[in-house]
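All remarks here apply to the structure that follows.
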Amino acid sequence: MKKVLWQMLALTVVAAVLLTACGSPATEAPAATEAPMTEAMTEAPAATEEAMTEEMAMPEVPFDYPAGGALEAAINGDYAGTTVTVDGAFEGNDPDGVKFAESMKAFEDATGITVNYVGNKEFEGTISVRVDAGDAPDIVDFPQPGLMATFAREGKLVPVTSFMSDEWLSQQYNQGWREFNTVDGQEVGVMHRYSGKSLVWYPKQAWDAAGYQVPQTWDELLALTQQIADDGDTAWCIGIESGAATGWPATDWTEDLMLRTTSLENYDAWVAGTLPFDSPEVKNAIETWSNIWFNDAYVNGGRSSIVSTSFGDAPGGLFTDPPNCWLHRQANFITSFFPEGKVYGTDYDFFYLPPVDDAHGRPFLVAGDLIGMFNDRPEVRALMEYFTTPQSVSGWLEGGGAIAAQQTATQDMYGSDLDYGISQLVADATAFRFDGSDLMPQEVGQGSFWEHISSYVAGSEDLDTAMKAIDASWPR
């Protein structure tokens with residue numbers, strides 16, 4: 001750029017000299033020469049400044065990014081033509097794969113970096129093999145934090161705080177999400193998208209007509225349950241039948257009540273196997289929800305129907321006229337089982353499952369994706385920084401079905417008012433914990449826990465027997 005400007009200046013001077021020689025008397029030459037040179041000298045710096053300002057200006061992109069980081073350099077074209085490989089638990093041609101590709105387009109367009117997604121449904125079985133073979137992908141989209149924590153403890157993951165500032169991460173995330181991605185004191189990943197589980201759904205039109213109020217505490221929830229019974233209805237729609245996975249809704253209730261009746265440390269110890277199922281803390285959590293489940297006046301169909309009612313059919317009672325039941329606790333995915341044509345905000349709404357003890361704050365049970373980085377290259381850092389923006393979840397936000405963990409997501413980014421409403425509710429959470437049964441060894445979390453909690457609900461095992469049986473199944 002500077003070389004070109006000096007060439008232009010030299011040509012201007014030469015032209016001035018030639019014009020002087022050919023078009024004016026010799027005695028006027030100094031004056032004629034002085035004017036063009038003065039003009040050239042005064043205009044050249046202004047042209048240089050303008051050109052340099054234009055050269056230094058960053059392109060406009062549809063997302064924010066941390067100043068001075070790898071993503072800023074990537075937007076400036078520093079890593080154009082490179083490729084970053086991402087692995088995960090969904091395939092590229094399934095709905096999540098399509099939404100992921102849509103979410104990466106803004107990054108690829110802005111940087112010239114190609115994002116190569118190589119996920120597959122056998123991911124959790126193959127990723128360890130790849131890492132052990134020295135063939136780790138650049139970035140992994142972990143569907144649960146336990147697997148990520150394993151690699152973190154082996155020193156395989158690059159801490160995000162080594163290249164992203166605390167200020168930026170705190171701007172993008174609720175502190176609870178940051179703690180969620182911290183393993184043994186190191187923040188090794190960032191939260192991407194999630195579904196919220198600590199939700200209670202209700203039939204809004206009938207609810208408003210009945211004059212019922214959203215409960216803010218567990219005592220108020222129990223009082224509402226009794227009020228609905230006194231009005232001649234059953235309050236709760238509950239079903240745990242799910243084929244080979246029968247019982248998992250009961251494990252979700254247990255996890256939510258563990259977060260509301262004991263400490264986060266006890267929850268973590270329980271998930272890790274150091275706090276037994278037969279402990280007073282776990283049994284207290286189960287007995288808390290049992291007080292609702294085992295009262296036939298509170299549950300549609302009574303206790304005996306719970307094990308035989310499909311989890312997807314259970315909320316149907318919210319939409320009969322009049323409702324057969326009024327309350328259903330489940331994650332936001334359950335709306336896909338609601339009758340066709342039912343509209344959020346008109347036919348149904350939701351509220352936060354209230355706290356039992358204020359000492360434990362407002363915890364939220366979630367499931368979602370965590371992003372971790374294996375290979376430390378500048379273009380990989382750039383993509384990791386992009387993952388901290390809500391635009392990296394745009395495919396899901398616009399299409400519905402997931403919520404951005406980034407607190408900078410705005411309402412206009414969501415194609416669903418429902419998802420945005422849940423995100424605002426989650427913003428008030430004091431802590432997050434992942435679905436506990438997903439973190440336990442498979443023979444427990446997706447085996448004995450499902451099996452024996454179902455037997456307990458059905459009445460074929462008492463609580464002590466069921467809890468001891470689960471403890472006995474834990475791998476030693």
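Going by the structure tokens order, chains are called A, B, ..., each with residues numbered from 1, while ligands are numbered from 1 in the order shown.
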
Can you pull out the residues contacting Ile240 of chain A? Cut-off 6 Å, using only C-alpha atoms, and skip same-chain residues under 4 positions away; I want them as a PDB file with N, CA and C atoms, in the first residue's frame.
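Writing done, so here's out.pdb:
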```pdb
ATOM      1  N   THR A 246     -38.614 -47.873  30.937  1.00  0.00           N
ATOM      2  CA  THR A 246     -39.645 -47.549  31.936  1.00  0.00           C
ATOM      3  C   THR A 246     -39.005 -47.173  33.265  1.00  0.00           C
ATOM      4  N   GLY A 247     -39.464 -46.069  33.818  1.00  0.00           N
ATOM      5  CA  GLY A 247     -38.951 -45.611  35.111  1.00  0.00           C
ATOM      6  C   GLY A 247     -38.198 -44.306  35.058  1.00  0.00           C
ATOM      7  N   PRO A 249     -38.884 -41.241  34.077  1.00  0.00           N
ATOM      8  CA  PRO A 249     -39.474 -40.017  34.639  1.00  0.00           C
ATOM      9  C   PRO A 249     -39.380 -39.973  36.168  1.00  0.00           C
ATOM     10  N   VAL A 307     -47.266 -46.786  36.486  1.00  0.00           N
ATOM     11  CA  VAL A 307     -46.290 -47.621  35.777  1.00  0.00           C
ATOM     12  C   VAL A 307     -46.806 -48.055  34.413  1.00  0.00           C
ATOM     13  N   SER A 310     -48.020 -44.468  29.603  1.00  0.00           N
ATOM     14  CA  SER A 310     -46.860 -43.982  28.853  1.00  0.00           C
ATOM     15  C   SER A 310     -46.547 -42.539  29.231  1.00  0.00           C
ATOM     16  N   PHE A 311     -45.256 -42.245  29.350  1.00  0.00           N
ATOM     17  CA  PHE A 311     -44.855 -40.876  29.697  1.00  0.00           C
ATOM     18  C   PHE A 311     -45.370 -39.881  28.660  1.00  0.00           C
TER      19      PHE A 311
END
```

For segment 121-128 of chain A, find every residue with an atom within 9 Å (counting only C-alpha atoms), except residues of its own chain fewer than 4 positions away, and show them as JSON, numbers by chain. {"A": [87, 88, 89, 90, 91, 132, 133, 136, 137, 140, 142, 143, 147, 151]}

Suppose we keep C-alpha atoms; can you now write the selection as a PDB file, in the first residue's frame?
```
ATOM      1  CA  ASP A  87     -17.203 -34.617  16.534  1.00  0.00           C
ATOM      2  CA  GLY A  88     -20.439 -35.316  18.377  1.00  0.00           C
ATOM      3  CA  ALA A  89     -23.335 -37.649  19.056  1.00  0.00           C
ATOM      4  CA  PHE A  90     -25.631 -36.748  16.145  1.00  0.00           C
ATOM      5  CA  GLU A  91     -25.112 -37.387  12.446  1.00  0.00           C
ATOM      6  CA  ASP A 132      -6.089 -42.897  22.578  1.00  0.00           C
ATOM      7  CA  ALA A 133      -4.897 -43.392  19.004  1.00  0.00           C
ATOM      8  CA  ALA A 136      -8.567 -36.607  18.518  1.00  0.00           C
ATOM      9  CA  PRO A 137     -10.924 -34.228  16.699  1.00  0.00           C
ATOM     10  CA  VAL A 140     -16.061 -32.286  20.635  1.00  0.00           C
ATOM     11  CA  PHE A 142     -20.257 -33.661  24.451  1.00  0.00           C
ATOM     12  CA  PRO A 143     -23.864 -34.754  25.115  1.00  0.00           C
ATOM     13  CA  LEU A 147     -17.424 -37.976  29.483  1.00  0.00           C
ATOM     14  CA  PHE A 151     -10.909 -36.373  29.280  1.00  0.00           C
TER      15      PHE A 151
END
```

Which residue is closest to Thr225 of chain A? Choose from A:Phe432, A:Gln186, A:Asn295, A:Asn93 and count only C-alpha atoms. A:Asn295

Step one, run DSSP on the backbone; step two, keep only residues of segment 77-311 of chain A assigned to helix (DSSP H, G or I); then write them as a VMD selection string. chain A and resid 95 to 111 123 to 132 145 to 153 160 to 162 166 to 172 175 to 180 204 to 210 218 to 230 248 to 261 264 to 272 280 to 293 303 to 305

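Those residues that approach Phe434 of chain A to within 8 Å, counting only C-alpha atoms, are Gln144, Pro145, Leu365, Val366, Ala367, Gly368, Asp438 and Leu439 of chain A; same-chain residues fewer than 4 positions away are not listed.
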
What's the 9 Å shell around segment 373-380 of chain A, counting only C-alpha atoms, without same-chain residues fewer than 3 positions away, as a ChimeraX atom specification? /A:70-71,73-74,78-80,82-85,113,131,136-140,156-160,188-189,383-385

Need to verify the contact set: Met258 of chain A, 8 Å, only C-alpha atoms, exclusion of same-chain residues closer than 5 positions in sequence. Can you return it as JSON, numbers by chain? {"A": [263, 267, 281, 282, 285]}

If you keep N, CA and C atoms, can you produce a file of those selected residues as a PDB file, in the first residue's frame?
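The result, written out as part-v6.pdb:
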```
ATOM      1  N   SER A 263     -27.743 -30.682  49.558  1.00  0.00           N
ATOM      2  CA  SER A 263     -26.741 -29.790  48.968  1.00  0.00           C
ATOM      3  C   SER A 263     -26.300 -30.267  47.591  1.00  0.00           C
ATOM      4  N   TYR A 267     -25.587 -34.022  45.971  1.00  0.00           N
ATOM      5  CA  TYR A 267     -26.057 -34.454  44.646  1.00  0.00           C
ATOM      6  C   TYR A 267     -24.892 -35.021  43.842  1.00  0.00           C
ATOM      7  N   GLU A 281     -30.453 -38.923  52.729  1.00  0.00           N
ATOM      8  CA  GLU A 281     -30.654 -37.815  51.800  1.00  0.00           C
ATOM      9  C   GLU A 281     -31.418 -38.264  50.546  1.00  0.00           C
ATOM     10  N   VAL A 282     -31.020 -39.405  49.976  1.00  0.00           N
ATOM     11  CA  VAL A 282     -31.678 -39.878  48.754  1.00  0.00           C
ATOM     12  C   VAL A 282     -33.098 -40.344  49.068  1.00  0.00           C
ATOM     13  N   ALA A 285     -35.493 -37.445  49.447  1.00  0.00           N
ATOM     14  CA  ALA A 285     -35.905 -36.853  48.164  1.00  0.00           C
ATOM     15  C   ALA A 285     -37.020 -37.684  47.527  1.00  0.00           C
TER      16      ALA A 285
END
```

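Straight-line separation from atom CA of Ala269 of chain A to atom CA of Gln330 of chain A: 24.3 Å.
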
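The space separating atom CA of Ala235 of chain A from atom CA of Asn300 of chain A comes to 7.3 Å.
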
Check the smallest atom-to-atom distance from each of A:Ile334, A:Ala244, A:Leu221, A:Val299 to Ser448 of chain A using only C-alpha atoms, then report the winner. A:Ala244

Nearest-residue call for Met164 of chain A, choices A:Tyr348, A:Asp184, A:Arg381, A:Gly243, using only C-alpha atoms: A:Arg381

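The space between atom CA of Ala331 of chain A and atom CA of Thr346 of chain A spans 19.1 Å.
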
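Proximity to Thr465 of chain A was assessed for A:Tyr352, A:Asp435, A:Ser308, A:Asp278 counting only C-alpha atoms; the smallest distance is recorded for A:Asp278.
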
Taking the chain letters and numbering used in this document, name the residues of segment 60-256 of chain A that DSSP puts in strand (DSSP E), as a PyMOL selection string. chain A and resi 83-88+114-117+139-142+182-183+186-187+189-196+199-202
